[in-house]
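Engineer: A single structure is presented below for examination.
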Amino acid sequence: MGNNQNSAYGFGVATQNNSGHTLDCTFYSLGIGEPSDSQPVKEIKAQLGNDDIRGVEKVLVELKINLQDKPKDAKDVFLRLHLLSHRIVKPNELNLEGIFSLLTNVVWTSAGPCDVENFATVRLQLQNKFNNLVVYSVDKFPRMIDYVIPEGVRIADGDRVRLGAYLSSGTTVMHEGFVNFNAGTLGKSMVEGRISAGVVVGDGSDIGGGASIMGTLSGGGKEVISIGERTLLGANSGIGISLGNDCIVEAGVYITAGSKISLPDGSVVKAKELNKANNLLFRRNSQTGALEALPKTGSWGGLNSILHSN
């Protein structure tokens with residue numbers, strides 16, 4: 001992203017508790033550069049005001065931020081997450097340093113975000129008012145689909161995609177698929193495994209059932225993992241290195257950066273030396289148990305075009 005595109009704006013509504021802490025923000029006008037002259041004030045005025053049961057107030061928010069600077073507060077963080085899910089900014093193109101300390105745990109419910117403190121009393125009052133109440137999670141991040149539904153995607157279970165995920169048109173996220181914030185797909189993809197924070201998946205790739213991709217949150221990881229185009233992670237496989245285009249990781253095979261990989265010439269290397277390589281098949285030799293990387297021959301069949309015509 002060029003220097004002339006480092007600024008972003010957002011106009012929307014924030015939910016604040018009685019202590020003034022921001023529980024969430026919804027942005028109805030947002031983008032890169034300078035804001036437009038007209039903002040949808042009339043359309044959202046009905047949302048503003050106090051909710052005495054939840055102990056919150058909904059207020060107008062108008063922000064202008066620099067995407068390369070560290071976020072300053074929760075409103076700033078929510079704007080960055082919206083920019084990602086609206087596909088205005090791609091993963092790893094903006095600064096998200098320190099966001100966990102800026103966000104608070106929230107009870108995400110069908111009646112809106114609530115404070116964790118004293119929620120038992122709030123739950124009873126909301127149930128009395130609505131006759132039914134669904135609690136989705138207790139987390140710092142809400143579900144993406146409650147705020148943004150990108151055009152051309154299928155999401156079988158909304159609980160499995162966090163706000164801040166970037167899903168390109170043609171992506172299908174099945175029931176056991178998961179996409180974290182600041183991560184996602186850059187083209188048509190089938191997601192039946194986990195795409196961790198910071199990870200991007202290229203066009204035409206398939207993350208098989210139960211497959212796992214190491215992210216940048218746990219264990220102090222700094223390496224940004226990516227998967228190229230037309231690559232397949234088999235069921236219950238996993239990777240801790242980046243893969244290039246047209247690769248296959250056999251079902252059940254987990255490749256970490258330090259894994260010892262046997263090559264066709266008899267040499268053995270650490271998997272990190274194959275980082276971002278193209279046209280490789282990673283497999284475990286069924287007789288010796290050794291991990292092997294071989295030149296990929298043929299095709300795994302690719303995505304079913306009908307499933308991704310969203």
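Each chain of the structure tokens is named A, B, ... in the order shown, its residues numbered from 1; ligands are numbered from 1 in display order.
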What are the closest atom pairs, with distances in Å to one decimal, for each residue of segment 12-76 of chain A lying within 10 Å of segment 87-108 of chain A, using only C-alpha atoms, rows by chain and rising residue number, as a tab-separated table?
Structural biologist:
```
residue	atom	partner	partner_atom	distance
A:His21	CA	A:Thr104	CA	8.2
A:Thr22	CA	A:Leu103	CA	8.0
A:Leu23	CA	A:Val106	CA	6.5
A:Asp24	CA	A:Val106	CA	8.7
A:Leu30	CA	A:Ile88	CA	8.9
A:Gly31	CA	A:Ile88	CA	6.8
A:Ile32	CA	A:Ile88	CA	7.6
A:Asn66	CA	A:Leu94	CA	8.8
A:Leu67	CA	A:Leu94	CA	5.1
A:Gln68	CA	A:Asn95	CA	5.1
A:Asp69	CA	A:Asn95	CA	6.1
A:Lys70	CA	A:Asn95	CA	5.7
A:Pro71	CA	A:Leu96	CA	6.5
A:Lys72	CA	A:Leu102	CA	7.8
A:Asp73	CA	A:Leu102	CA	5.6
A:Ala74	CA	A:Leu102	CA	5.3
A:Lys75	CA	A:Leu102	CA	9.1
A:Asp76	CA	A:Leu102	CA	9.3
```
Engineer: Could you turn the residues from that selection into a file that holds all heavy atoms, as a tab-separated table (two decimals), in the first residue's frame?
Structural biologist:
```
chain	number	residue	atom	x	y	z
A	21	HIS	N	-16.10	2.66	28.14
A	21	HIS	CA	-15.33	1.72	27.33
A	21	HIS	C	-16.13	1.30	26.10
A	21	HIS	O	-17.34	1.05	26.19
A	21	HIS	CB	-14.96	0.48	28.15
A	21	HIS	CG	-14.03	0.78	29.28
A	21	HIS	ND1	-14.17	0.25	30.53
A	21	HIS	CD2	-12.93	1.57	29.34
A	21	HIS	CE1	-13.22	0.68	31.32
A	21	HIS	NE2	-12.45	1.49	30.62
A	22	THR	N	-15.47	1.22	24.97
A	22	THR	CA	-16.13	0.82	23.72
A	22	THR	C	-16.24	-0.69	23.64
A	22	THR	O	-15.23	-1.40	23.73
A	22	THR	CB	-15.34	1.35	22.51
A	22	THR	OG1	-15.30	2.79	22.57
A	22	THR	CG2	-15.98	0.91	21.21
A	23	LEU	N	-17.46	-1.18	23.46
A	23	LEU	CA	-17.69	-2.62	23.31
A	23	LEU	C	-17.62	-3.04	21.86
A	23	LEU	O	-17.14	-4.12	21.54
A	23	LEU	CB	-19.03	-3.02	23.92
A	23	LEU	CG	-19.26	-2.69	25.40
A	23	LEU	CD1	-20.61	-3.25	25.86
A	23	LEU	CD2	-18.12	-3.23	26.25
A	24	ASP	N	-18.15	-2.19	20.97
A	24	ASP	CA	-18.08	-2.51	19.54
A	24	ASP	C	-18.30	-1.23	18.72
A	24	ASP	O	-18.69	-0.19	19.27
A	24	ASP	CB	-19.09	-3.59	19.14
A	24	ASP	CG	-20.49	-3.03	18.85
A	24	ASP	OD1	-20.88	-2.00	19.47
A	24	ASP	OD2	-21.19	-3.59	18.01
A	30	LEU	N	-16.87	3.97	5.05
A	30	LEU	CA	-15.46	3.79	5.35
A	30	LEU	C	-14.68	3.64	4.06
A	30	LEU	O	-15.24	3.30	3.01
A	30	LEU	CB	-15.23	2.58	6.26
A	30	LEU	CG	-15.43	1.17	5.71
A	30	LEU	CD1	-14.87	0.13	6.69
A	30	LEU	CD2	-16.89	0.86	5.42
A	31	GLY	N	-13.38	3.90	4.13
A	31	GLY	CA	-12.58	3.78	2.94
A	31	GLY	C	-11.17	4.31	3.15
A	31	GLY	O	-10.78	4.68	4.26
A	32	ILE	N	-10.42	4.34	2.05
A	32	ILE	CA	-9.04	4.84	2.05
A	32	ILE	C	-9.04	6.29	1.57
A	32	ILE	O	-9.79	6.65	0.66
A	32	ILE	CB	-8.16	3.97	1.13
A	32	ILE	CG1	-8.15	2.52	1.63
A	32	ILE	CG2	-6.75	4.53	1.06
A	32	ILE	CD1	-7.58	2.36	3.02
A	66	ASN	N	-4.22	6.63	10.52
A	66	ASN	CA	-3.09	6.24	9.67
A	66	ASN	C	-2.89	4.75	9.87
A	66	ASN	O	-2.63	4.29	10.98
A	66	ASN	CB	-1.83	7.02	10.06
A	66	ASN	CG	-0.68	6.75	9.08
A	66	ASN	OD1	-0.35	5.60	8.79
A	66	ASN	ND2	-0.07	7.80	8.58
A	67	LEU	N	-2.99	4.00	8.80
A	67	LEU	CA	-2.96	2.54	8.88
A	67	LEU	C	-1.61	1.99	9.28
A	67	LEU	O	-1.51	0.84	9.73
A	67	LEU	CB	-3.38	1.93	7.53
A	67	LEU	CG	-4.82	2.20	7.11
A	67	LEU	CD1	-5.07	1.65	5.71
A	67	LEU	CD2	-5.80	1.57	8.09
A	68	GLN	N	-0.55	2.77	9.13
A	68	GLN	CA	0.78	2.30	9.49
A	68	GLN	C	1.14	2.64	10.94
A	68	GLN	O	2.13	2.13	11.47
A	68	GLN	CB	1.83	2.86	8.53
A	68	GLN	CG	1.57	2.52	7.07
A	68	GLN	CD	1.28	1.05	6.85
A	68	GLN	OE1	2.01	0.17	7.33
A	68	GLN	NE2	0.20	0.76	6.12
A	69	ASP	N	0.35	3.49	11.57
A	69	ASP	CA	0.55	3.78	12.99
A	69	ASP	C	-0.13	2.70	13.84
A	69	ASP	O	-1.07	2.04	13.39
A	69	ASP	CB	-0.05	5.14	13.35
A	69	ASP	CG	0.72	6.29	12.73
A	69	ASP	OD1	1.87	6.07	12.31
A	69	ASP	OD2	0.15	7.40	12.65
A	70	LYS	N	0.33	2.55	15.08
A	70	LYS	CA	-0.33	1.62	15.99
A	70	LYS	C	-1.74	2.13	16.30
A	70	LYS	O	-1.96	3.34	16.42
A	70	LYS	CB	0.46	1.51	17.29
A	70	LYS	CG	1.81	0.83	17.15
A	70	LYS	CD	2.64	0.96	18.41
A	70	LYS	CE	1.93	0.41	19.63
A	70	LYS	NZ	2.81	0.43	20.83
A	71	PRO	N	-2.72	1.23	16.43
A	71	PRO	CA	-4.07	1.67	16.81
A	71	PRO	C	-4.04	2.38	18.16
A	71	PRO	O	-3.26	2.04	19.05
A	71	PRO	CB	-4.86	0.35	16.91
A	71	PRO	CG	-4.08	-0.63	16.08
A	71	PRO	CD	-2.65	-0.23	16.23
A	72	LYS	N	-4.92	3.39	18.30
A	72	LYS	CA	-4.92	4.22	19.50
A	72	LYS	C	-5.96	3.77	20.53
A	72	LYS	O	-5.77	3.98	21.73
A	72	LYS	CB	-5.18	5.68	19.12
A	72	LYS	CG	-4.09	6.27	18.22
A	72	LYS	CD	-4.43	7.70	17.83
A	72	LYS	CE	-3.34	8.29	16.93
A	72	LYS	NZ	-3.66	9.68	16.50
A	73	ASP	N	-7.08	3.21	20.06
A	73	ASP	CA	-8.14	2.81	20.97
A	73	ASP	C	-9.01	1.76	20.29
A	73	ASP	O	-8.73	1.35	19.15
A	73	ASP	CB	-8.97	4.02	21.42
A	73	ASP	CG	-9.52	4.83	20.24
A	73	ASP	OD1	-9.75	4.24	19.15
A	73	ASP	OD2	-9.75	6.05	20.41
A	74	ALA	N	-10.06	1.33	20.98
A	74	ALA	CA	-10.91	0.26	20.46
A	74	ALA	C	-11.62	0.68	19.18
A	74	ALA	O	-11.80	-0.14	18.26
A	74	ALA	CB	-11.92	-0.16	21.52
A	75	LYS	N	-12.05	1.94	19.09
A	75	LYS	CA	-12.72	2.40	17.87
A	75	LYS	C	-11.78	2.29	16.67
A	75	LYS	O	-12.19	1.88	15.58
A	75	LYS	CB	-13.21	3.85	18.04
A	75	LYS	CG	-14.23	4.05	19.15
A	75	LYS	CD	-14.66	5.51	19.20
A	75	LYS	CE	-15.62	5.78	20.35
A	75	LYS	NZ	-14.93	5.69	21.67
A	76	ASP	N	-10.54	2.67	16.88
A	76	ASP	CA	-9.52	2.57	15.85
A	76	ASP	C	-9.36	1.11	15.40
A	76	ASP	O	-9.29	0.79	14.21
A	76	ASP	CB	-8.21	3.12	16.42
A	76	ASP	CG	-7.10	3.25	15.37
A	76	ASP	OD1	-7.12	2.51	14.38
A	76	ASP	OD2	-6.21	4.09	15.56
```
Engineer: Can you list, as a VMD selection string, all residues belonging to segment 158-230 of chain A that DSSP tags as strand (DSSP E or B)?
Structural biologist: chain A and resid 161 to 162 165 to 166 172 to 173 178 to 179 183 to 185 189 to 191 194 to 195 200 to 201 205 to 207 212 to 213 226 to 227
Engineer: Please list as a JSON list (two decimals) with all heavy atoms, in the first residue's frame every residue within 6 Å of Gly193 of chain A, counting only C-alpha atoms and excluding residues in the same chain fewer than 5 positions away.
Structural biologist:
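New file part08.json:
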```
[["chain", "number", "residue", "atom", "x", "y", "z"],
["A", 177, "GLY", "N", -14.45, -25.12, 9.02],
["A", 177, "GLY", "CA", -13.44, -24.15, 8.63],
["A", 177, "GLY", "C", -13.42, -23.00, 9.62],
["A", 177, "GLY", "O", -14.41, -22.70, 10.29],
["A", 207, "ILE", "N", -8.07, -25.82, 1.69],
["A", 207, "ILE", "CA", -7.60, -26.14, 3.04],
["A", 207, "ILE", "C", -8.49, -27.26, 3.55],
["A", 207, "ILE", "O", -9.63, -27.04, 3.95],
["A", 207, "ILE", "CB", -7.67, -24.92, 3.97],
["A", 207, "ILE", "CG1", -7.04, -23.68, 3.31],
["A", 207, "ILE", "CG2", -7.00, -25.22, 5.30],
["A", 207, "ILE", "CD1", -5.63, -23.89, 2.86],
["A", 208, "GLY", "N", -7.99, -28.50, 3.51],
["A", 208, "GLY", "CA", -8.81, -29.68, 3.77],
["A", 208, "GLY", "C", -9.34, -29.76, 5.20],
["A", 208, "GLY", "O", -8.89, -29.04, 6.10],
["A", 209, "GLY", "N", -10.27, -30.67, 5.39],
["A", 209, "GLY", "CA", -10.92, -30.83, 6.69],
["A", 209, "GLY", "C", -9.93, -31.09, 7.81],
["A", 209, "GLY", "O", -9.12, -32.01, 7.74],
["A", 210, "GLY", "N", -9.98, -30.26, 8.86],
["A", 210, "GLY", "CA", -9.09, -30.42, 10.00],
["A", 210, "GLY", "C", -7.68, -29.94, 9.78],
["A", 210, "GLY", "O", -6.83, -30.04, 10.68],
["A", 211, "ALA", "N", -7.37, -29.39, 8.60],
["A", 211, "ALA", "CA", -6.02, -28.91, 8.33],
["A", 211, "ALA", "C", -5.73, -27.65, 9.14],
["A", 211, "ALA", "O", -6.64, -26.89, 9.47],
["A", 211, "ALA", "CB", -5.83, -28.63, 6.83],
["A", 212, "SER", "N", -4.46, -27.42, 9.44],
["A", 212, "SER", "CA", -4.06, -26.33, 10.31],
["A", 212, "SER", "C", -2.90, -25.56, 9.70],
["A", 212, "SER", "O", -1.97, -26.16, 9.16],
["A", 212, "SER", "CB", -3.65, -26.88, 11.68],
["A", 212, "SER", "OG", -3.13, -25.88, 12.51]]
```
Engineer: Contacts of Gly164 of chain A at 8 Å or less, counting only C-alpha atoms, minus same-chain residues fewer than 6 places along, as an MDAnalysis selection string?
Structural biologist: chainID A and resid 80:85 144 180:183
Engineer: What's around Cys247 of chain A at 7 Å? Count only C-alpha atoms, leave out sequence neighbours fewer than 3 positions away in its own chain, and write the answer as a compact mmCIF listing (two decimals) with N, CA and C atoms, in the first residue's frame.
Structural biologist:
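As written to disk, around.txt reads:
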```
# COMPACT_ATOMS: atom_id res chain seq x y z
N THR A 231 -3.05 -24.90 -4.49
CA THR A 231 -2.36 -25.77 -3.54
C THR A 231 -3.38 -26.46 -2.64
N LEU A 232 -3.07 -27.69 -2.25
CA LEU A 232 -3.99 -28.50 -1.44
C LEU A 232 -3.32 -28.89 -0.13
N LEU A 243 3.91 -22.17 1.53
CA LEU A 243 3.91 -23.01 0.34
C LEU A 243 3.73 -22.12 -0.89
N GLY A 244 4.37 -22.51 -1.99
CA GLY A 244 4.20 -21.79 -3.23
C GLY A 244 2.98 -22.29 -3.99
N ASN A 278 7.54 -24.14 -5.18
CA ASN A 278 6.40 -24.51 -6.03
C ASN A 278 6.47 -25.98 -6.42
N ASN A 279 5.32 -26.53 -6.78
CA ASN A 279 5.24 -27.86 -7.41
C ASN A 279 5.89 -28.96 -6.58
N LEU A 280 5.56 -28.99 -5.29
CA LEU A 280 6.09 -30.05 -4.43
C LEU A 280 4.95 -30.86 -3.81
N LEU A 281 5.22 -32.15 -3.64
CA LEU A 281 4.33 -33.04 -2.90
C LEU A 281 5.03 -33.41 -1.60
N LYS A 296 5.90 -32.61 -7.76
CA LYS A 296 4.49 -32.98 -7.96
C LYS A 296 4.25 -33.28 -9.44
```
Engineer: Find the residue from A:Leu186, A:Ile213, A:Leu274, A:Val201 that sits nearest to Gly238 of chain A; use only C-alpha atoms when measuring.
Structural biologist: A:Ile213
Engineer: Leaving out Tyr147 of chain A and any residue of its chain fewer than 2 positions from it, which residues lie within 10 Å of it when counting only C-alpha atoms, given as an MDAnalysis selection string?
Structural biologist: chainID A and resid 25:28 82 85:86 142:145 149:150 163
Engineer: Using only N, CA and C atoms, please write the residues we just selected to a file, as a PDB file, in the first residue's frame.
Structural biologist:
```pdb
ATOM      1  N   CYS A  25     -18.034  -1.326  17.424  1.00  0.00           N
ATOM      2  CA  CYS A  25     -18.329  -0.258  16.475  1.00  0.00           C
ATOM      3  C   CYS A  25     -18.812  -0.882  15.176  1.00  0.00           C
ATOM      4  N   THR A  26     -19.801  -0.246  14.579  1.00  0.00           N
ATOM      5  CA  THR A  26     -20.241  -0.612  13.236  1.00  0.00           C
ATOM      6  C   THR A  26     -20.044   0.595  12.335  1.00  0.00           C
ATOM      7  N   PHE A  27     -19.325   0.395  11.230  1.00  0.00           N
ATOM      8  CA  PHE A  27     -19.032   1.498  10.324  1.00  0.00           C
ATOM      9  C   PHE A  27     -19.863   1.348   9.046  1.00  0.00           C
ATOM     10  N   TYR A  28     -20.617   2.410   8.729  1.00  0.00           N
ATOM     11  CA  TYR A  28     -21.513   2.405   7.578  1.00  0.00           C
ATOM     12  C   TYR A  28     -20.924   3.150   6.383  1.00  0.00           C
ATOM     13  N   HIS A  82     -12.982  -3.692  10.212  1.00  0.00           N
ATOM     14  CA  HIS A  82     -13.982  -3.498   9.160  1.00  0.00           C
ATOM     15  C   HIS A  82     -13.328  -3.323   7.786  1.00  0.00           C
ATOM     16  N   SER A  85     -12.478  -6.805   6.546  1.00  0.00           N
ATOM     17  CA  SER A  85     -13.620  -7.631   6.144  1.00  0.00           C
ATOM     18  C   SER A  85     -14.375  -7.058   4.956  1.00  0.00           C
ATOM     19  N   HIS A  86     -14.301  -5.740   4.760  1.00  0.00           N
ATOM     20  CA  HIS A  86     -14.890  -5.123   3.568  1.00  0.00           C
ATOM     21  C   HIS A  86     -13.979  -5.256   2.343  1.00  0.00           C
ATOM     22  N   PRO A 142     -15.995 -10.027  17.641  1.00  0.00           N
ATOM     23  CA  PRO A 142     -17.306 -10.577  17.291  1.00  0.00           C
ATOM     24  C   PRO A 142     -17.246 -11.395  16.009  1.00  0.00           C
ATOM     25  N   ARG A 143     -18.362 -11.985  15.676  1.00  0.00           N
ATOM     26  CA  ARG A 143     -18.500 -12.700  14.409  1.00  0.00           C
ATOM     27  C   ARG A 143     -18.512 -11.697  13.255  1.00  0.00           C
ATOM     28  N   MET A 144     -17.880 -12.051  12.169  1.00  0.00           N
ATOM     29  CA  MET A 144     -17.835 -11.130  11.036  1.00  0.00           C
ATOM     30  C   MET A 144     -19.221 -10.874  10.456  1.00  0.00           C
ATOM     31  N   ILE A 145     -20.037 -11.920  10.320  1.00  0.00           N
ATOM     32  CA  ILE A 145     -21.292 -11.777   9.591  1.00  0.00           C
ATOM     33  C   ILE A 145     -22.304 -10.887  10.299  1.00  0.00           C
ATOM     34  N   ILE A 149     -20.950  -8.811   5.456  1.00  0.00           N
ATOM     35  CA  ILE A 149     -21.109 -10.019   4.642  1.00  0.00           C
ATOM     36  C   ILE A 149     -20.558  -9.690   3.260  1.00  0.00           C
ATOM     37  N   PRO A 150     -19.330 -10.099   2.970  1.00  0.00           N
ATOM     38  CA  PRO A 150     -18.737  -9.780   1.666  1.00  0.00           C
ATOM     39  C   PRO A 150     -19.495 -10.463   0.534  1.00  0.00           C
ATOM     40  N   LEU A 163     -14.603 -11.108  12.881  1.00  0.00           N
ATOM     41  CA  LEU A 163     -14.499  -9.809  12.237  1.00  0.00           C
ATOM     42  C   LEU A 163     -13.019  -9.492  12.019  1.00  0.00           C
TER      43      LEU A 163
END
```
